[in-house]
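Asks: Structure file structure.pdb (PDB, C-alpha atoms) right here:
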MODEL        1
ATOM      1  CA  ILE G   1      98.375  78.299  42.981
ATOM      2  CA  ILE G   2      97.064  76.124  45.773
ATOM      3  CA  ASN G   3      94.020  77.571  47.449
ATOM      4  CA  LYS G   4      94.782  78.314  51.124
ATOM      5  CA  VAL G   5      91.377  77.134  52.265
ATOM      6  CA  ASN G   6      91.865  73.857  50.424
ATOM      7  CA  LEU G   7      95.303  73.577  52.017
ATOM      8  CA  GLY G   8      93.922  73.999  55.531
ATOM      9  CA  LEU G   9      91.162  71.440  55.031
ATOM     10  CA  HIS G  10      93.509  68.750  53.766
ATOM     11  CA  ILE G  11      95.993  69.266  56.598
ATOM     12  CA  MET G  12      93.248  68.168  58.950
ATOM     13  CA  LYS G  13      91.132  65.724  56.989
ATOM     14  CA  GLY G  14      92.762  63.893  54.085
ATOM     15  CA  GLN G  15      90.652  62.793  51.133
ATOM     16  CA  PHE G  16      87.597  61.504  53.034
ATOM     17  CA  GLY G  17      88.567  62.175  56.643
ATOM     18  CA  GLU G  18      91.216  59.437  56.873
ATOM     19  CA  VAL G  19      93.688  61.614  58.787
ATOM     20  CA  ASP G  20      91.704  61.682  62.034
ATOM     21  CA  LEU G  21      91.516  57.890  62.094
ATOM     22  CA  ILE G  22      95.230  57.463  61.334
ATOM     23  CA  LYS G  23      96.081  59.898  64.147
ATOM     24  CA  LYS G  24      94.152  57.695  66.573
ATOM     25  CA  ILE G  25      96.103  54.640  65.398
ATOM     26  CA  ILE G  26      99.388  56.488  65.952
ATOM     27  CA  ASP G  27      98.290  57.480  69.467
ATOM     28  CA  ILE G  28      97.808  53.855  70.544
ATOM     29  CA  SER G  29     100.553  52.134  68.554
ATOM     30  CA  ASP G  30     104.172  52.431  67.548
ATOM     31  CA  ILE G  31     104.231  52.481  63.761
ATOM     32  CA  PRO G  32     107.267  53.701  61.792
ATOM     33  CA  LYS G  33     107.188  57.442  61.121
ATOM     34  CA  THR G  34     107.296  56.916  57.378
ATOM     35  CA  CYS G  35     104.688  57.240  54.653
ATOM     36  CA  VAL G  36     104.474  56.528  50.947
ATOM     37  CA  GLU G  37     101.838  57.964  48.618
ATOM     38  CA  PHE G  38     101.131  57.446  44.924
ATOM     39  CA  GLY G  39      99.711  59.301  43.061
ATOM     40  CA  ALA G  40     100.608  62.197  45.266
ATOM     41  CA  TYR G  41      98.954  64.717  42.903
ATOM     42  CA  ASP G  42      99.964  68.271  43.963
ATOM     43  CA  GLY G  43     100.856  67.133  47.474
ATOM     44  CA  VAL G  44      97.733  68.597  49.057
ATOM     45  CA  THR G  45      94.561  67.841  47.102
ATOM     46  CA  ASN G  46      93.017  64.614  48.423
ATOM     47  CA  SER G  47      96.306  63.788  50.145
ATOM     48  CA  ASN G  48      96.269  61.273  52.980
ATOM     49  CA  THR G  49      99.909  61.904  53.936
ATOM     50  CA  PHE G  50     100.214  65.712  53.860
ATOM     51  CA  TYR G  51      99.379  66.186  57.534
ATOM     52  CA  PHE G  52     101.946  63.625  58.632
ATOM     53  CA  TRP G  53     104.983  64.928  56.742
ATOM     54  CA  LYS G  54     104.024  68.575  57.188
ATOM     55  CA  LYS G  55     102.974  68.572  60.845
ATOM     56  CA  LYS G  56     104.367  65.357  62.336
ATOM     57  CA  GLY G  57     107.719  65.101  60.586
ATOM     58  CA  PHE G  58     107.103  61.765  58.883
ATOM     59  CA  LYS G  59     109.759  60.825  56.339
ATOM     60  CA  SER G  60     107.769  60.585  53.110
ATOM     61  CA  LEU G  61     108.105  59.209  49.599
ATOM     62  CA  LEU G  62     105.711  61.041  47.284
ATOM     63  CA  ILE G  63     105.294  59.659  43.763
ATOM     64  CA  GLU G  64     103.486  61.569  41.007
ATOM     65  CA  PRO G  65     103.878  60.880  37.250
ATOM     66  CA  ASP G  66     102.201  64.009  35.868
ATOM     67  CA  PRO G  67     104.869  66.712  35.180
ATOM     68  CA  LYS G  68     102.559  69.673  35.881
ATOM     69  CA  LEU G  69     101.302  68.248  39.161
ATOM     70  CA  PHE G  70     104.835  67.237  40.087
ATOM     71  CA  SER G  71     105.995  70.851  39.666
ATOM     72  CA  LEU G  72     103.305  71.918  42.158
ATOM     73  CA  LEU G  73     104.368  69.126  44.481
ATOM     74  CA  LYS G  74     107.968  70.380  44.456
ATOM     75  CA  LYS G  75     106.842  73.847  45.516
ATOM     76  CA  ILE G  76     105.096  72.623  48.649
ATOM     77  CA  ALA G  77     107.295  69.712  49.769
ATOM     78  CA  ASN G  78     109.687  70.119  52.687
ATOM     79  CA  LYS G  79     112.901  68.418  53.834
ATOM     80  CA  ASN G  80     110.937  65.363  55.037
ATOM     81  CA  CYS G  81     109.921  64.514  51.474
ATOM     82  CA  THR G  82     111.555  62.440  48.782
ATOM     83  CA  LEU G  83     109.885  63.276  45.469
ATOM     84  CA  VAL G  84     109.686  60.967  42.466
ATOM     85  CA  ASN G  85     108.264  61.920  39.062
ATOM     86  CA  ASP G  86     107.402  58.422  37.866
ATOM     87  CA  PHE G  87     104.726  55.742  37.565
ATOM     88  CA  VAL G  88     104.288  52.843  39.938
ATOM     89  CA  SER G  89     103.253  49.941  37.759
ATOM     90  CA  ILE G  90     103.446  46.184  37.478
ATOM     91  CA  ASN G  91     106.750  46.585  35.626
ATOM     92  CA  ASN G  92     108.049  49.549  37.639
ATOM     93  CA  LYS G  93     107.542  48.161  41.123
ATOM     94  CA  LEU G  94     107.347  50.218  44.298
ATOM     95  CA  SER G  95     110.189  48.200  45.839
ATOM     96  CA  LYS G  96     112.436  49.276  42.952
ATOM     97  CA  ILE G  97     111.577  52.966  43.453
ATOM     98  CA  ILE G  98     112.159  52.686  47.209
ATOM     99  CA  LYS G  99     115.584  51.114  46.647
ATOM    100  CA  GLN G 100     116.602  53.664  44.002
ATOM    101  CA  ASN G 101     115.802  56.530  46.389
ATOM    102  CA  ASN G 102     117.328  54.955  49.520
ATOM    103  CA  PHE G 103     113.985  55.233  51.285
ATOM    104  CA  PRO G 104     113.300  53.095  54.392
ATOM    105  CA  LYS G 105     111.661  49.758  53.573
ATOM    106  CA  LYS G 106     109.167  49.918  56.436
ATOM    107  CA  MET G 107     106.086  51.968  55.552
ATOM    108  CA  GLY G 108     104.045  53.159  58.516
ATOM    109  CA  LEU G 109     101.408  54.541  56.149
ATOM    110  CA  LEU G 110     100.964  53.558  52.503
ATOM    111  CA  SER G 111      98.359  55.385  50.409
ATOM    112  CA  ILE G 112      97.452  53.940  46.997
ATOM    113  CA  ASP G 113      95.298  56.128  44.748
ATOM    114  CA  ILE G 114      95.927  55.738  41.034
ATOM    115  CA  ASP G 115      92.278  55.473  39.873
ATOM    116  CA  SER G 116      92.888  52.053  38.345
ATOM    117  CA  ASN G 117      95.091  49.009  38.870
ATOM    118  CA  ASP G 118      95.172  49.718  42.624
ATOM    119  CA  LEU G 119      94.734  46.060  43.560
ATOM    120  CA  GLU G 120      97.324  44.887  41.012
ATOM    121  CA  ILE G 121      99.915  47.248  42.516
ATOM    122  CA  PHE G 122      98.881  46.282  46.050
ATOM    123  CA  LYS G 123      99.424  42.606  45.248
ATOM    124  CA  GLN G 124     103.063  43.119  44.306
ATOM    125  CA  ILE G 125     104.290  45.269  47.212
ATOM    126  CA  ASP G 126     106.385  43.893  50.073
ATOM    127  CA  HIS G 127     103.702  43.071  52.636
ATOM    128  CA  LYS G 128     106.301  42.439  55.344
ATOM    129  CA  SER G 129     107.009  46.180  55.299
ATOM    130  CA  THR G 130     103.522  47.695  55.615
ATOM    131  CA  TYR G 131     101.514  48.701  58.685
ATOM    132  CA  VAL G 132      98.539  50.869  57.647
ATOM    133  CA  VAL G 133      97.366  50.836  54.023
ATOM    134  CA  ILE G 134      94.827  53.173  52.437
ATOM    135  CA  ILE G 135      93.675  51.842  49.072
ATOM    136  CA  GLU G 136      91.050  53.145  46.672
ATOM    137  CA  PHE G 137      88.249  50.974  45.296
ATOM    138  CA  ASN G 138      85.473  51.595  42.778
ATOM    139  CA  ASN G 139      82.574  52.651  44.987
ATOM    140  CA  GLN G 140      80.035  52.466  42.192
ATOM    141  CA  PHE G 141      79.755  48.719  42.757
ATOM    142  CA  PRO G 142      77.345  47.446  45.447
ATOM    143  CA  VAL G 143      78.988  46.493  48.732
ATOM    144  CA  TRP G 144      78.131  42.788  48.390
ATOM    145  CA  VAL G 145      79.661  42.395  44.916
ATOM    146  CA  ASP G 146      83.005  40.635  44.462
ATOM    147  CA  TYR G 147      84.112  42.071  41.115
ATOM    148  CA  SER G 148      87.378  42.742  39.283
ATOM    149  CA  ASP G 149      87.849  43.588  35.627
ATOM    150  CA  PRO G 150      89.443  40.847  33.479
ATOM    151  CA  LYS G 151      93.246  40.715  33.346
ATOM    152  CA  ASP G 152      93.384  41.707  29.686
ATOM    153  CA  CYS G 153      91.813  45.120  30.340
ATOM    154  CA  ILE G 154      93.872  48.293  30.105
ATOM    155  CA  ILE G 155      92.265  49.752  33.234
ATOM    156  CA  PHE G 156      91.249  47.570  36.159
ATOM    157  CA  ARG G 157      88.315  48.346  38.463
ATOM    158  CA  HIS G 158      87.758  46.521  41.711
ATOM    159  CA  SER G 159      84.872  46.438  44.140
ATOM    160  CA  ALA G 160      85.544  46.936  47.841
ATOM    161  CA  LEU G 161      84.784  43.289  48.555
ATOM    162  CA  ALA G 162      87.299  42.068  45.952
ATOM    163  CA  ILE G 163      90.109  44.019  47.625
ATOM    164  CA  VAL G 164      89.079  43.080  51.169
ATOM    165  CA  LYS G 165      88.913  39.378  50.291
ATOM    166  CA  PHE G 166      92.414  39.423  48.828
ATOM    167  CA  ALA G 167      93.850  41.498  51.677
ATOM    168  CA  SER G 168      92.403  39.199  54.348
ATOM    169  CA  LYS G 169      94.140  36.210  52.749
ATOM    170  CA  ILE G 170      97.576  37.777  53.231
ATOM    171  CA  GLY G 171      97.210  39.058  56.784
ATOM    172  CA  TYR G 172      95.334  42.351  56.542
ATOM    173  CA  ARG G 173      92.189  43.321  58.382
ATOM    174  CA  LEU G 174      89.667  45.981  57.408
ATOM    175  CA  LEU G 175      89.553  48.824  59.926
ATOM    176  CA  ASP G 176      87.203  51.250  58.184
ATOM    177  CA  VAL G 177      85.892  52.654  54.918
ATOM    178  CA  LYS G 178      86.199  56.359  54.186
ATOM    179  CA  GLY G 179      84.490  57.407  50.981
ATOM    180  CA  ALA G 180      86.087  55.340  48.222
ATOM    181  CA  ASN G 181      89.047  54.285  50.376
ATOM    182  CA  LEU G 182      89.580  51.141  52.421
ATOM    183  CA  ILE G 183      91.784  51.409  55.504
ATOM    184  CA  LEU G 184      93.597  48.135  56.102
ATOM    185  CA  ILE G 185      95.763  47.052  59.020
ATOM    186  CA  ASN G 186      98.599  44.602  58.461
ATOM    187  CA  GLU G 187      98.168  42.382  61.501
ATOM    188  CA  GLN G 188     101.567  40.800  60.906
ATOM    189  CA  ASN G 189     103.150  44.087  62.015
ATOM    190  CA  LEU G 190     100.502  45.992  63.950
ATOM    191  CA  TYR G 191      98.166  44.930  66.738
ATOM    192  CA  LEU G 192      95.011  46.914  67.456
ATOM    193  CA  PRO G 193      92.281  46.037  69.972
ATOM    194  CA  LYS G 194      89.531  43.873  68.461
ATOM    195  CA  LYS G 195      86.852  46.353  69.512
ATOM    196  CA  LEU G 196      88.170  48.850  66.942
ATOM    197  CA  TYR G 197      87.367  46.592  63.997
ATOM    198  CA  PRO G 198      83.949  46.395  62.300
ATOM    199  CA  LYS G 199      82.134  43.060  62.114
ATOM    200  CA  SER G 200      82.129  43.180  58.325
ATOM    201  CA  LEU G 201      82.570  45.424  55.301
ATOM    202  CA  LYS G 202      78.819  46.059  55.218
ATOM    203  CA  ASP G 203      78.942  47.526  58.731
ATOM    204  CA  CYS G 204      81.386  50.305  57.831
ATOM    205  CA  PHE G 205      80.760  50.871  54.104
ATOM    206  CA  ASP G 206      80.304  54.543  53.200
ATOM    207  CA  TYR G 207      76.808  54.331  51.727
ATOM    208  CA  GLU G 208      76.334  58.108  51.734
ATOM    209  CA  GLU G 209      79.393  58.684  49.561
ATOM    210  CA  GLN G 210      78.259  55.951  47.179
ATOM    211  CA  LYS G 211      74.817  57.548  47.018
ATOM    212  CA  ARG G 212      76.392  60.921  46.228
ATOM    213  CA  VAL G 213      78.509  59.441  43.439
ATOM    214  CA  CYS G 214      75.586  57.557  41.926
ATOM    215  CA  LYS G 215      72.946  60.302  41.811
ATOM    216  CA  ASP G 216      73.352  60.814  38.074
ATOM    217  CA  ILE G 217      70.762  58.564  36.403
ATOM    218  CA  ARG G 218      73.147  58.041  33.498
ATOM    219  CA  ILE G 219      75.268  55.710  35.646
ATOM    220  CA  ILE G 220      72.468  53.671  37.192
ATOM    221  CA  GLY G 221      71.734  50.146  36.024
ATOM    222  CA  SER G 222      72.602  50.414  32.357
ATOM    223  CA  LYS G 223      75.395  50.271  29.807
ATOM    224  CA  PHE G 224      74.281  52.610  27.066
ATOM    225  CA  THR G 225      76.069  55.865  27.926
ATOM    226  CA  THR G 226      79.683  56.865  28.223
ATOM    227  CA  ASN G 227      79.252  57.313  31.968
ATOM    228  CA  ALA G 228      77.547  53.986  32.680
ATOM    229  CA  LYS G 229      79.596  52.258  35.357
ATOM    230  CA  ILE G 230      77.307  51.045  38.146
ATOM    231  CA  PHE G 231      75.115  47.979  38.156
ATOM    232  CA  SER G 232      72.468  46.507  40.433
ATOM    233  CA  GLN G 233      71.989  42.860  41.342
ATOM    234  CA  LYS G 234      68.267  43.273  41.939
ATOM    235  CA  PRO G 235      66.964  46.098  39.755
ATOM    236  CA  THR G 236      63.647  47.503  40.930
ATOM    237  CA  LEU G 237      60.831  48.515  38.602
ATOM    238  CA  PHE G 238      61.746  52.121  39.354
ATOM    239  CA  LEU G 239      65.362  51.482  38.320
ATOM    240  CA  ARG G 240      64.232  49.883  35.072
ATOM    241  CA  PHE G 241      61.858  52.798  34.487
ATOM    242  CA  LYS G 242      64.752  55.241  34.922
ATOM    243  CA  LYS G 243      66.725  53.278  32.386
ATOM    244  CA  TYR G 244      64.010  53.457  29.735
ATOM    245  CA  ILE G 245      63.410  57.158  30.381
ATOM    246  CA  PHE G 246      67.061  57.881  29.812
ATOM    247  CA  GLN G 247      67.089  55.678  26.721
ATOM    248  CA  LEU G 248      64.299  57.870  25.377
ATOM    249  CA  ILE G 249      66.411  60.947  26.084
ATOM    250  CA  VAL G 250      69.306  59.315  24.237
ATOM    251  CA  ILE G 251      67.049  58.634  21.221
ATOM    252  CA  ILE G 252      65.875  62.255  21.151
ATOM    253  CA  ASN G 253      69.356  63.715  21.525
ATOM    254  CA  TYR G 254      71.327  61.361  19.341
ATOM    255  CA  SER G 255      68.872  59.958  16.791
ATOM    256  CA  LEU G 256      66.451  62.796  16.154
ATOM    257  CA  ARG G 257      69.014  65.562  16.703
ATOM    258  CA  ARG G 258      71.654  63.502  14.885
ATOM    259  CA  LYS G 259      74.325  63.709  17.532
ATOM    260  CA  LYS G 260      76.992  61.039  17.668
ATOM    261  CA  ILE G 261      76.138  58.377  20.247
ATOM    262  CA  PRO G 262      79.034  58.021  22.726
ATOM    263  CA  SER G 263      80.455  54.555  23.142
ATOM    264  CA  SER G 264      79.944  52.688  26.385
ATOM    265  CA  GLN G 265      82.815  52.570  28.884
ATOM    266  CA  ILE G 266      82.169  48.896  29.464
ATOM    267  CA  PRO G 267      84.555  46.891  27.251
ATOM    268  CA  ASN G 268      83.240  43.622  25.854
ATOM    269  CA  GLN G 269      85.744  41.608  27.883
ATOM    270  CA  CYS G 270      84.284  43.102  31.081
ATOM    271  CA  LYS G 271      80.684  42.130  30.413
ATOM    272  CA  LYS G 272      81.213  38.426  31.093
ATOM    273  CA  ASN G 273      82.709  39.185  34.527
ATOM    274  CA  ILE G 274      79.901  41.609  35.309
ATOM    275  CA  LEU G 275      77.239  39.028  34.506
ATOM    276  CA  LYS G 276      79.184  36.349  36.389
ATOM    277  CA  ALA G 277      79.067  38.568  39.472
ATOM    278  CA  GLY G 278      75.279  38.471  39.215
ATOM    279  CA  LEU G 279      74.930  42.074  38.153
ATOM    280  CA  TYR G 280      72.183  43.518  35.978
ATOM    281  CA  ILE G 281      73.405  45.384  32.915
TER     282      ILE G 281
ENDMDL
END
Using structure tokens, write down the structure from this file.

Replies:
Amino acid sequence: IINKVNLGLHIMKGQFGEVDLIKKIIDISDIPKTCVEFGAYDGVTNSNTFYFWKKKGFKSLLIEPDPKLFSLLKKIANKNCTLVNDFVSINNKLSKIIKQNNFPKKMGLLSIDIDSNDLEIFKQIDHKSTYVVIIEFNNQFPVWVDYSDPKDCIIFRHSALAIVKFASKIGYRLLDVKGANLILINEQNLYLPKKLYPKSLKDCFDYEEQKRVCKDIRIIGSKFTTNAKIFSQKPTLFLRFKKYIFQLIVIINYSLRRKKIPSSQIPNQCKKNILKAGLYI
């Protein structure tokens, strides 16, 4: 059962407040009244399209692979929605799903949130058909780091800079950062006044959200726990001190108390790329 309070919040805000910004874009431009979202989850939680198909009548393609979440999605969707219980992947392309469901090719709003492989999927979409794109990045990487996991990984993580650099090469421009989401404008199809754009990624990066995500000392500057995912280019003495303190905790918990030490989430093939990016492990 979807919590009514949660429902009301997401009608207005989206995942990190993206909805208010998209509404402003719609007010000053003429984008197609269509949106595509994957993964759509239950249709409400962290949704960046819910407001538009529920309140503004946008024709929407909502894609969610999980059967349980898809059943919740079916309960809340209306006549504006085309629902697909499937994966978008490198082999199962978005263009194929759009064609199979007779959905319009032009996407006024495209929201990509699959927790991994976001950039790989973004690379293969039809960029002649997009206007506004919301795409998730791994916000545990510092803003100045250009990092992507190696191609032979099962799950791919990308820093904000890695996605922005690729997007800019094919005609997109960064409009804003909301939490762990980049909002990109396809300038081939949509013109916005220059004053709306930030000077750089650093000027609009959501540092507060990154700080919130990275409060746990287990994910700061080290590789020795299951949750270790963030790295620093210039580790301070305090950061190194935190690392050794937590290593001591690990020794007490797992060596003296004989618990099984969890494996690191950093695969060996990733470490070379991490070091190449100038990051401290």

Asks: Pick the closest to Ile135 (chain G) from G:Phe156, G:Tyr197, G:Phe122, G:Phe58: which is it, counting all atoms listed in the file?

Replies: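 Closest to Ile135 (chain G) of all the choices is G:Phe122.
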
Asks: Which one of G:Phe38, G:Phe137, G:Phe70, G:Trp53 sits closest to Val88 (chain G) if you count only C-alpha atoms?

Replies: G:Phe38

Asks: Within 10 Å of Glu209 (chain G), counting only C-alpha atoms, which residues show up once you throw out same-chain ones fewer than 6 positions away? Write them as number ranges by chain, please.

Replies: G: 16, 139-140, 178-180

Asks: For the selection you just gave me, I'd like the residues written to a file as a compact mmCIF listing (two decimals), in the frame of the given file, keeping C-alpha atoms.

Replies:
# COMPACT_ATOMS: atom_id res chain seq x y z
CA PHE G 16 87.60 61.50 53.03
CA ASN G 139 82.57 52.65 44.99
CA GLN G 140 80.04 52.47 42.19
CA LYS G 178 86.20 56.36 54.19
CA GLY G 179 84.49 57.41 50.98
CA ALA G 180 86.09 55.34 48.22

Asks: Under the PyMOL selection byres ((chain G and resi 28) around 12), which residues of this model are included? Write them out as JSON, numbers by chain.

Replies: {"G": [21, 22, 23, 24, 25, 26, 27, 29, 30, 31, 190, 191, 192, 193, 196]}

Asks: With only C-alpha atoms as the basis for distance, which of G:Thr130, G:Lys195, G:Lys202, G:Val19 is at the shortest distance from Leu161 (chain G)?

Replies: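 The closest residue to Leu161 (chain G) is G:Lys202.
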
Asks: Exactly which residues make up the result of the PyMOL selection byres ((chain G and resi 162-174) around 6) on this file, given as a VMD selection string?

Replies: chain G and resid 146 to 147 159 to 161 175 to 176 184 to 187

Asks: Let me make sure I understand: among G:Ala77, G:Ile245, G:Cys35, G:Ile121, which one has the smallest atom-to-atom distance to Asn91 (chain G) if we use all atoms listed in the file?

Replies: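 Counting all atoms listed in the file, the residue closest to Asn91 (chain G) is G:Ile121.
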
Asks: Please determine, counting all atoms listed in the file, which residue among G:Thr49, G:Asn117, G:Ile112, G:Val36 has the shortest atom-to-atom distance to Ile97 (chain G).

Replies: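 Closest candidate: G:Val36.
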
Asks: Grab all the atoms of region 92-98 of chain G that the file lists, wrap them in a box along x, y and z, add 5 Å per side, and give me centre plus edge lengths in Å (one decimal) as JSON.

Replies:
{"center_x": 109.9, "center_y": 50.6, "center_z": 42.4, "size_x": 15.1, "size_y": 14.8, "size_z": 19.6}

Asks: Once you've located region 112-128 of chain G in the structure I gave, write it as a short mmCIF file (atom, residue, chain, number, x, y, z; two decimals), in the first residue's frame, keeping N, CA and C atoms.

Replies:
data_model
loop_
_atom_site.label_atom_id
_atom_site.label_comp_id
_atom_site.auth_asym_id
_atom_site.auth_seq_id
_atom_site.Cartn_x
_atom_site.Cartn_y
_atom_site.Cartn_z
N ILE G 112 16.35 8.34 -16.39
CA ILE G 112 17.12 7.09 -16.34
C ILE G 112 17.63 6.87 -14.92
N ASP G 113 17.12 5.83 -14.27
CA ASP G 113 17.53 5.53 -12.89
C ASP G 113 17.51 4.02 -12.70
N ILE G 114 18.62 3.38 -13.03
CA ILE G 114 18.68 1.92 -12.89
C ILE G 114 19.82 1.50 -11.95
N ASP G 115 20.40 2.47 -11.24
CA ASP G 115 21.42 2.21 -10.21
C ASP G 115 22.73 1.65 -10.74
N SER G 116 22.83 1.42 -11.99
CA SER G 116 24.08 1.01 -12.63
C SER G 116 23.86 1.02 -14.13
N ASN G 117 24.94 1.11 -14.88
CA ASN G 117 24.85 1.07 -16.35
C ASN G 117 24.08 2.25 -16.95
N ASP G 118 23.81 3.29 -16.15
CA ASP G 118 23.03 4.42 -16.66
C ASP G 118 23.67 5.05 -17.89
N LEU G 119 24.98 5.27 -17.84
CA LEU G 119 25.66 5.90 -18.96
C LEU G 119 25.67 4.99 -20.18
N GLU G 120 25.84 3.68 -19.99
CA GLU G 120 25.85 2.75 -21.11
C GLU G 120 24.51 2.78 -21.85
N ILE G 121 23.41 2.83 -21.09
CA ILE G 121 22.08 2.90 -21.70
C ILE G 121 21.88 4.25 -22.38
N PHE G 122 22.35 5.31 -21.72
CA PHE G 122 22.22 6.66 -22.28
C PHE G 122 22.95 6.77 -23.62
N LYS G 123 24.08 6.11 -23.74
CA LYS G 123 24.87 6.18 -24.97
C LYS G 123 24.13 5.61 -26.17
N GLN G 124 23.27 4.63 -25.94
CA GLN G 124 22.66 3.92 -27.07
C GLN G 124 21.27 4.42 -27.45
N ILE G 125 20.72 5.40 -26.73
CA ILE G 125 19.39 5.88 -27.08
C ILE G 125 19.45 6.79 -28.31
N ASP G 126 18.30 7.06 -28.90
CA ASP G 126 18.21 7.93 -30.06
C ASP G 126 18.25 9.39 -29.58
N HIS G 127 19.38 10.03 -29.71
CA HIS G 127 19.55 11.38 -29.17
C HIS G 127 18.86 12.45 -30.02
N LYS G 128 18.36 12.07 -31.18
CA LYS G 128 17.58 13.01 -31.99
C LYS G 128 16.17 13.17 -31.42
#
